[in-house]
Every structure is written in structure tokens, then in C-alpha cells.
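Colleague: So here's structure04.txt, just compact mmCIF, N, CA and C atoms:
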# COMPACT_ATOMS: atom_id res chain seq x y z
N MET A 1 4.59 21.99 16.16
CA MET A 1 4.12 20.61 16.14
C MET A 1 3.96 20.06 14.73
N THR A 2 3.27 20.82 13.88
CA THR A 2 3.07 20.31 12.53
C THR A 2 3.49 21.35 11.53
N GLY A 3 3.84 20.89 10.39
CA GLY A 3 4.05 21.75 9.25
C GLY A 3 3.28 21.15 8.09
N ARG A 4 2.85 21.98 7.16
CA ARG A 4 2.08 21.46 6.04
C ARG A 4 2.94 21.53 4.79
N ALA A 5 3.04 20.43 4.10
CA ALA A 5 3.76 20.38 2.85
C ALA A 5 2.84 19.72 1.84
N GLY A 6 2.07 20.50 1.12
CA GLY A 6 1.10 19.94 0.19
C GLY A 6 -0.01 19.25 0.96
N VAL A 7 -0.25 17.97 0.68
CA VAL A 7 -1.30 17.22 1.36
C VAL A 7 -0.73 16.40 2.51
N LYS A 8 0.44 16.79 2.96
CA LYS A 8 1.12 16.03 4.01
C LYS A 8 1.21 16.85 5.29
N MET A 9 0.93 16.21 6.41
CA MET A 9 1.19 16.80 7.72
C MET A 9 2.52 16.23 8.21
N VAL A 10 3.40 17.09 8.67
CA VAL A 10 4.69 16.65 9.19
C VAL A 10 4.68 16.89 10.69
N MET A 11 4.71 15.81 11.46
CA MET A 11 4.71 15.90 12.91
C MET A 11 6.13 16.07 13.41
N GLN A 12 6.27 16.89 14.44
CA GLN A 12 7.59 17.04 15.06
C GLN A 12 7.42 17.37 16.53
N GLY A 13 8.46 17.07 17.30
CA GLY A 13 8.41 17.32 18.74
C GLY A 13 7.74 16.17 19.46
N ASN A 14 7.00 16.50 20.52
CA ASN A 14 6.34 15.49 21.35
C ASN A 14 4.88 15.35 20.96
N LEU A 15 4.42 14.11 20.94
CA LEU A 15 2.99 13.82 20.75
C LEU A 15 2.50 13.25 22.07
N ASP A 16 1.85 14.10 22.84
CA ASP A 16 1.41 13.69 24.17
C ASP A 16 0.05 14.32 24.50
N MET A 17 -0.39 14.13 25.73
CA MET A 17 -1.71 14.62 26.15
C MET A 17 -1.87 16.14 25.95
N ASP A 18 -0.77 16.87 25.98
CA ASP A 18 -0.84 18.32 25.82
C ASP A 18 -0.94 18.74 24.35
N THR A 19 -0.29 18.02 23.47
CA THR A 19 -0.21 18.44 22.07
C THR A 19 -1.20 17.74 21.14
N VAL A 20 -1.61 16.54 21.49
CA VAL A 20 -2.44 15.74 20.59
C VAL A 20 -3.83 16.33 20.32
N PRO A 21 -4.55 16.91 21.28
CA PRO A 21 -5.90 17.39 20.95
C PRO A 21 -5.96 18.35 19.76
N ALA A 22 -5.07 19.31 19.69
CA ALA A 22 -5.08 20.25 18.57
C ALA A 22 -4.68 19.55 17.27
N LEU A 23 -3.69 18.65 17.34
CA LEU A 23 -3.26 17.92 16.16
C LEU A 23 -4.36 17.01 15.65
N TYR A 24 -5.06 16.37 16.57
CA TYR A 24 -6.17 15.49 16.21
C TYR A 24 -7.24 16.28 15.45
N ALA A 25 -7.59 17.44 15.97
CA ALA A 25 -8.61 18.28 15.32
C ALA A 25 -8.16 18.71 13.93
N THR A 26 -6.89 19.06 13.78
CA THR A 26 -6.36 19.46 12.48
C THR A 26 -6.46 18.31 11.48
N GLY A 27 -6.10 17.10 11.93
CA GLY A 27 -6.19 15.93 11.06
C GLY A 27 -7.62 15.63 10.65
N LEU A 28 -8.55 15.72 11.60
CA LEU A 28 -9.96 15.48 11.28
C LEU A 28 -10.47 16.49 10.27
N LYS A 29 -10.07 17.74 10.44
CA LYS A 29 -10.49 18.79 9.51
C LYS A 29 -10.00 18.47 8.10
N HIS A 30 -8.76 18.04 8.00
CA HIS A 30 -8.21 17.70 6.69
C HIS A 30 -8.91 16.48 6.10
N LEU A 31 -9.17 15.47 6.91
CA LEU A 31 -9.82 14.24 6.42
C LEU A 31 -11.25 14.50 5.95
N ALA A 32 -11.85 15.57 6.40
CA ALA A 32 -13.21 15.89 5.95
C ALA A 32 -13.22 16.28 4.48
N ASP A 33 -12.07 16.75 3.97
CA ASP A 33 -12.00 17.24 2.60
C ASP A 33 -11.15 16.40 1.66
N ALA A 34 -10.19 15.65 2.21
CA ALA A 34 -9.23 14.98 1.33
C ALA A 34 -8.54 13.84 2.08
N ASP A 35 -7.73 13.09 1.34
CA ASP A 35 -6.89 12.07 1.95
C ASP A 35 -5.82 12.75 2.79
N LEU A 36 -5.26 12.01 3.72
CA LEU A 36 -4.28 12.58 4.62
C LEU A 36 -3.03 11.71 4.65
N HIS A 37 -1.87 12.34 4.49
CA HIS A 37 -0.58 11.66 4.60
C HIS A 37 0.17 12.33 5.75
N VAL A 38 0.56 11.54 6.75
CA VAL A 38 1.21 12.09 7.94
C VAL A 38 2.61 11.49 8.08
N ASP A 39 3.59 12.37 8.19
CA ASP A 39 4.98 11.98 8.36
C ASP A 39 5.36 12.18 9.83
N PHE A 40 5.72 11.09 10.50
CA PHE A 40 6.08 11.11 11.91
C PHE A 40 7.59 11.07 12.14
N SER A 41 8.38 11.21 11.10
CA SER A 41 9.82 11.00 11.22
C SER A 41 10.53 12.02 12.11
N ARG A 42 9.90 13.14 12.40
CA ARG A 42 10.53 14.16 13.24
C ARG A 42 10.00 14.17 14.68
N VAL A 43 9.21 13.17 15.02
CA VAL A 43 8.66 13.08 16.37
C VAL A 43 9.75 12.63 17.33
N GLU A 44 9.82 13.30 18.47
CA GLU A 44 10.85 12.99 19.47
C GLU A 44 10.36 12.05 20.56
N ALA A 45 9.10 12.19 20.97
CA ALA A 45 8.56 11.34 22.05
C ALA A 45 7.04 11.23 21.89
N VAL A 46 6.49 10.12 22.36
CA VAL A 46 5.05 9.90 22.29
C VAL A 46 4.54 9.32 23.61
N ASP A 47 3.25 9.47 23.82
CA ASP A 47 2.58 8.70 24.86
C ASP A 47 1.32 8.10 24.24
N SER A 48 0.47 7.51 25.04
CA SER A 48 -0.69 6.79 24.52
C SER A 48 -1.64 7.70 23.75
N ALA A 49 -1.58 9.00 23.96
CA ALA A 49 -2.44 9.92 23.22
C ALA A 49 -2.17 9.84 21.72
N ALA A 50 -0.92 9.62 21.34
CA ALA A 50 -0.57 9.52 19.92
C ALA A 50 -1.26 8.31 19.28
N ILE A 51 -1.34 7.23 20.00
CA ILE A 51 -2.01 6.04 19.48
C ILE A 51 -3.50 6.31 19.32
N SER A 52 -4.08 6.94 20.32
CA SER A 52 -5.49 7.30 20.26
C SER A 52 -5.77 8.20 19.06
N MET A 53 -4.89 9.16 18.80
CA MET A 53 -5.04 10.06 17.67
C MET A 53 -5.03 9.27 16.36
N LEU A 54 -4.07 8.39 16.19
CA LEU A 54 -3.98 7.60 14.97
C LEU A 54 -5.21 6.73 14.75
N LEU A 55 -5.67 6.09 15.82
CA LEU A 55 -6.85 5.24 15.69
C LEU A 55 -8.09 6.07 15.36
N GLY A 56 -8.20 7.25 15.96
CA GLY A 56 -9.32 8.14 15.66
C GLY A 56 -9.30 8.61 14.21
N TRP A 57 -8.11 8.97 13.72
CA TRP A 57 -7.99 9.36 12.32
C TRP A 57 -8.35 8.20 11.40
N ALA A 58 -7.92 6.99 11.76
CA ALA A 58 -8.22 5.83 10.93
C ALA A 58 -9.73 5.60 10.84
N ARG A 59 -10.43 5.75 11.96
CA ARG A 59 -11.90 5.62 11.95
C ARG A 59 -12.54 6.71 11.08
N ALA A 60 -12.07 7.93 11.23
CA ALA A 60 -12.63 9.04 10.46
C ALA A 60 -12.37 8.85 8.96
N ALA A 61 -11.18 8.38 8.62
CA ALA A 61 -10.86 8.14 7.21
C ALA A 61 -11.77 7.07 6.64
N GLN A 62 -11.98 6.02 7.40
CA GLN A 62 -12.83 4.93 6.93
C GLN A 62 -14.27 5.41 6.74
N ARG A 63 -14.77 6.16 7.72
CA ARG A 63 -16.14 6.69 7.62
C ARG A 63 -16.31 7.61 6.41
N GLY A 64 -15.32 8.43 6.16
CA GLY A 64 -15.39 9.39 5.06
C GLY A 64 -14.86 8.87 3.74
N GLN A 65 -14.53 7.60 3.70
CA GLN A 65 -13.97 6.96 2.51
C GLN A 65 -12.74 7.72 2.00
N ARG A 66 -11.89 8.08 2.95
CA ARG A 66 -10.62 8.76 2.66
C ARG A 66 -9.48 7.79 2.94
N LYS A 67 -8.31 8.13 2.43
CA LYS A 67 -7.11 7.33 2.70
C LYS A 67 -6.28 8.05 3.75
N LEU A 68 -5.81 7.29 4.71
CA LEU A 68 -4.88 7.78 5.71
C LEU A 68 -3.57 7.03 5.50
N ARG A 69 -2.53 7.76 5.14
CA ARG A 69 -1.21 7.16 4.96
C ARG A 69 -0.29 7.74 6.01
N VAL A 70 0.53 6.89 6.59
CA VAL A 70 1.49 7.33 7.60
C VAL A 70 2.88 6.85 7.21
N ALA A 71 3.88 7.60 7.65
CA ALA A 71 5.27 7.23 7.40
C ALA A 71 6.09 7.63 8.61
N GLY A 72 7.15 6.89 8.85
CA GLY A 72 8.10 7.24 9.90
C GLY A 72 7.57 7.08 11.31
N LEU A 73 6.66 6.11 11.53
CA LEU A 73 6.16 5.92 12.89
C LEU A 73 7.31 5.57 13.83
N PRO A 74 7.42 6.30 14.94
CA PRO A 74 8.52 6.05 15.88
C PRO A 74 8.42 4.66 16.53
N ASP A 75 9.57 4.10 16.84
CA ASP A 75 9.60 2.78 17.48
C ASP A 75 8.85 2.77 18.80
N ASP A 76 8.92 3.88 19.58
CA ASP A 76 8.22 3.88 20.86
C ASP A 76 6.71 3.88 20.68
N LEU A 77 6.21 4.48 19.60
CA LEU A 77 4.78 4.43 19.32
C LEU A 77 4.37 3.01 18.95
N LEU A 78 5.16 2.37 18.10
CA LEU A 78 4.86 0.99 17.70
C LEU A 78 4.94 0.05 18.89
N SER A 79 5.89 0.28 19.78
CA SER A 79 6.03 -0.55 20.97
C SER A 79 4.82 -0.40 21.89
N LEU A 80 4.37 0.83 22.09
CA LEU A 80 3.17 1.06 22.91
C LEU A 80 1.95 0.38 22.28
N ALA A 81 1.82 0.50 20.97
CA ALA A 81 0.68 -0.12 20.29
C ALA A 81 0.68 -1.64 20.48
N ARG A 82 1.88 -2.25 20.40
CA ARG A 82 1.98 -3.70 20.64
C ARG A 82 1.60 -4.03 22.08
N LEU A 83 2.09 -3.22 23.02
CA LEU A 83 1.79 -3.43 24.44
C LEU A 83 0.28 -3.40 24.69
N TYR A 84 -0.42 -2.46 24.05
CA TYR A 84 -1.87 -2.33 24.23
C TYR A 84 -2.67 -3.28 23.36
N GLY A 85 -1.99 -4.00 22.46
CA GLY A 85 -2.67 -4.96 21.60
C GLY A 85 -3.45 -4.32 20.46
N VAL A 86 -3.03 -3.12 20.03
CA VAL A 86 -3.74 -2.43 18.96
C VAL A 86 -2.85 -2.20 17.73
N ASP A 87 -1.68 -2.80 17.72
CA ASP A 87 -0.76 -2.56 16.61
C ASP A 87 -1.35 -2.95 15.26
N GLU A 88 -2.19 -3.95 15.24
CA GLU A 88 -2.82 -4.39 13.97
C GLU A 88 -3.86 -3.39 13.48
N LEU A 89 -4.31 -2.50 14.36
CA LEU A 89 -5.32 -1.51 13.97
C LEU A 89 -4.73 -0.23 13.43
N LEU A 90 -3.42 -0.04 13.61
CA LEU A 90 -2.76 1.17 13.11
C LEU A 90 -2.71 1.16 11.60
N PRO A 91 -2.77 2.34 10.98
CA PRO A 91 -2.63 2.39 9.51
C PRO A 91 -1.27 1.83 9.09
N GLN A 92 -1.26 1.20 7.94
CA GLN A 92 -0.01 0.66 7.40
C GLN A 92 0.89 1.82 6.98
N GLN A 93 2.18 1.69 7.23
CA GLN A 93 3.12 2.71 6.85
C GLN A 93 3.40 2.66 5.36
N SER A 94 3.48 3.84 4.76
CA SER A 94 3.89 3.92 3.37
C SER A 94 5.38 4.20 3.34
N VAL A 95 5.98 3.92 2.22
CA VAL A 95 7.43 4.08 2.10
C VAL A 95 7.76 5.45 1.55
Turn this file's structure into C-alpha cells for me.
Modeller:
Amino acid sequence: MTGRAGVKMVMQGNLDMDTVPALYATGLKHLADADLHVDFSRVEAVDSAAISMLLGWARAAQRGQRKLRVAGLPDDLLSLARLYGVDELLPQQSV
């Protein structure tokens, strides 16, 4: 699911109800100590759990005065976020 490259988490495979809980916990653990950069470019499929994970990380980053940077958000994740009306709450993508 994830690989670590420095201060970056690289997501791959599916982000769904089965995989997100462990990934969410890993991200929270990292945000407790440092900023977090997450690369989603290798994600194959998502469901609403991925959106929940991102929003939870964004809240945790804000509370801990950390930066959450994301890159490569899949189109299906962005589409779901628009459908649910939460696209404006997602972290801005870095280049």
C-alpha cells in the first residue's frame, strides 16, 4: 500500500474501506512528528474512505501546525469529492 521515500508516503493500489484504516493511522503517526507529503500517483482505485482519510489528515495537520502536501490525486477521488461537496476542503496539490 505505501512506501516511504524520505518524508514522503507513496500510495499505491486501492484506497478503500479495507486498506484506509492502517494508512490513516500511519499518516497520523507521521503528522505527530513532522510535515507529511503524500504521493497518490500510483493509486489504482478509491472509494469514499480515501476522502475521509485525506480530510482527517488535513484536520490533524492543522491541529498540530504541520503541513500536509499531496500530489497525484486520482481523478476518481476528485470526482467523488466534488459529488460530496467537499472538494474545497481537500489539501491543495503540490507540483
Colleague: Which residues, written as a list in words, have at least one atom at most 7 Å from range 12-23 of chain A, with all atoms listed in the file counted and residues fewer than 4 positions away on the same chain left out?
Modeller: Met1, Thr2, Gly3, Gly27, Leu28, Asp39, Phe40, Ser41, Arg42, Val43, Glu44, Ala45, Val46, Asp47, Ser48, Ala49, Ala50 and Met53 of chain A
Colleague: Using only N, CA and C atoms, determine which residues lie at most 8 Å from Ile51 in chain A, disregarding the query and same-chain residues fewer than 6 positions distant; provide the list as a list in words.
Modeller: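 Near neighbours after the sequence-gap exclusion: Leu15, Trp57, Leu77, Leu80 and Ala81 of chain A.
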Colleague: Mind writing the picked residues with N, CA and C atoms as an mmCIF file, keeping the file's coordinate frame?
Modeller:
data_model
loop_
_atom_site.group_PDB
_atom_site.id
_atom_site.type_symbol
_atom_site.label_atom_id
_atom_site.label_comp_id
_atom_site.auth_asym_id
_atom_site.auth_seq_id
_atom_site.Cartn_x
_atom_site.Cartn_y
_atom_site.Cartn_z
ATOM 1 N N LEU A 15 4.420 14.110 20.940
ATOM 2 C CA LEU A 15 2.990 13.820 20.750
ATOM 3 C C LEU A 15 2.500 13.250 22.070
ATOM 4 N N TRP A 57 -8.110 8.970 13.720
ATOM 5 C CA TRP A 57 -7.990 9.360 12.320
ATOM 6 C C TRP A 57 -8.350 8.200 11.400
ATOM 7 N N LEU A 77 6.210 4.480 19.600
ATOM 8 C CA LEU A 77 4.780 4.430 19.320
ATOM 9 C C LEU A 77 4.370 3.010 18.950
ATOM 10 N N LEU A 80 4.370 0.830 22.090
ATOM 11 C CA LEU A 80 3.170 1.060 22.910
ATOM 12 C C LEU A 80 1.950 0.380 22.280
ATOM 13 N N ALA A 81 1.820 0.500 20.970
ATOM 14 C CA ALA A 81 0.680 -0.120 20.290
ATOM 15 C C ALA A 81 0.680 -1.640 20.480
#
Colleague: Using only C-alpha atoms for the distances, tell me which of A:Ala25, A:Ala58, A:Leu83, A:Ala32 is nearest to Val70 in chain A.
Modeller: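 Smallest distance to Val70 in chain A is found for A:Ala58.
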Colleague: Which residue is closest to Ala71 in chain A? Choose from A:Gln93, A:Met11, A:Asp33, A:Leu55 and count only N, CA and C atoms.
Modeller: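 Result for the nearest residue to Ala71 in chain A: A:Gln93.
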Colleague: Could you tell me how far atom N of Arg63 in chain A lies from atom C of Val10 in chain A, in Å and to one decimal?
Modeller: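 Computing it gives 22.4 Å between the two atoms.
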Colleague: Please compute the atom N of Val86 in chain A-atom C of Ser52 in chain A distance, one decimal, in Å.
Modeller: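 Computing it gives 11.7 Å between the two atoms.
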Colleague: Between atom C of Ala34 in chain A and atom N of Asp75 in chain A, what is the distance in Å, rounded to a tenth?
Modeller: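 Between atom C of Ala34 in chain A and atom N of Asp75 in chain A the gap works out to 25.3 Å.
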Colleague: Which one is closest to Leu68 in chain A: A:Lys29, A:Tyr24, A:Met9, A:Asp35? Count all atoms listed in the file.
Modeller: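 Distance minimum relative to Leu68 in chain A lands on A:Asp35.
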Colleague: Would you mind telling me which residue in A:Arg69, A:Ala61, A:Leu54, A:Lys8 lies nearest to Asp87 in chain A when using only C-alpha atoms?
Modeller: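 Once distances to Asp87 in chain A are computed over only C-alpha atoms, the minimum belongs to A:Leu54.
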Colleague: Enumerate the residues of chain A with a DSSP assignment of strand (DSSP E or B), computed from the backbone, and present them as a PyMOL selection string.
Modeller: chain A and resi 2-5+8-15+36-46+68-71+93
Colleague: Can you list every residue in chain A that DSSP puts in alpha helix (DSSP H), as an NGL selection string?
Modeller: :A and (20-31 or 48-63 or 75-84)
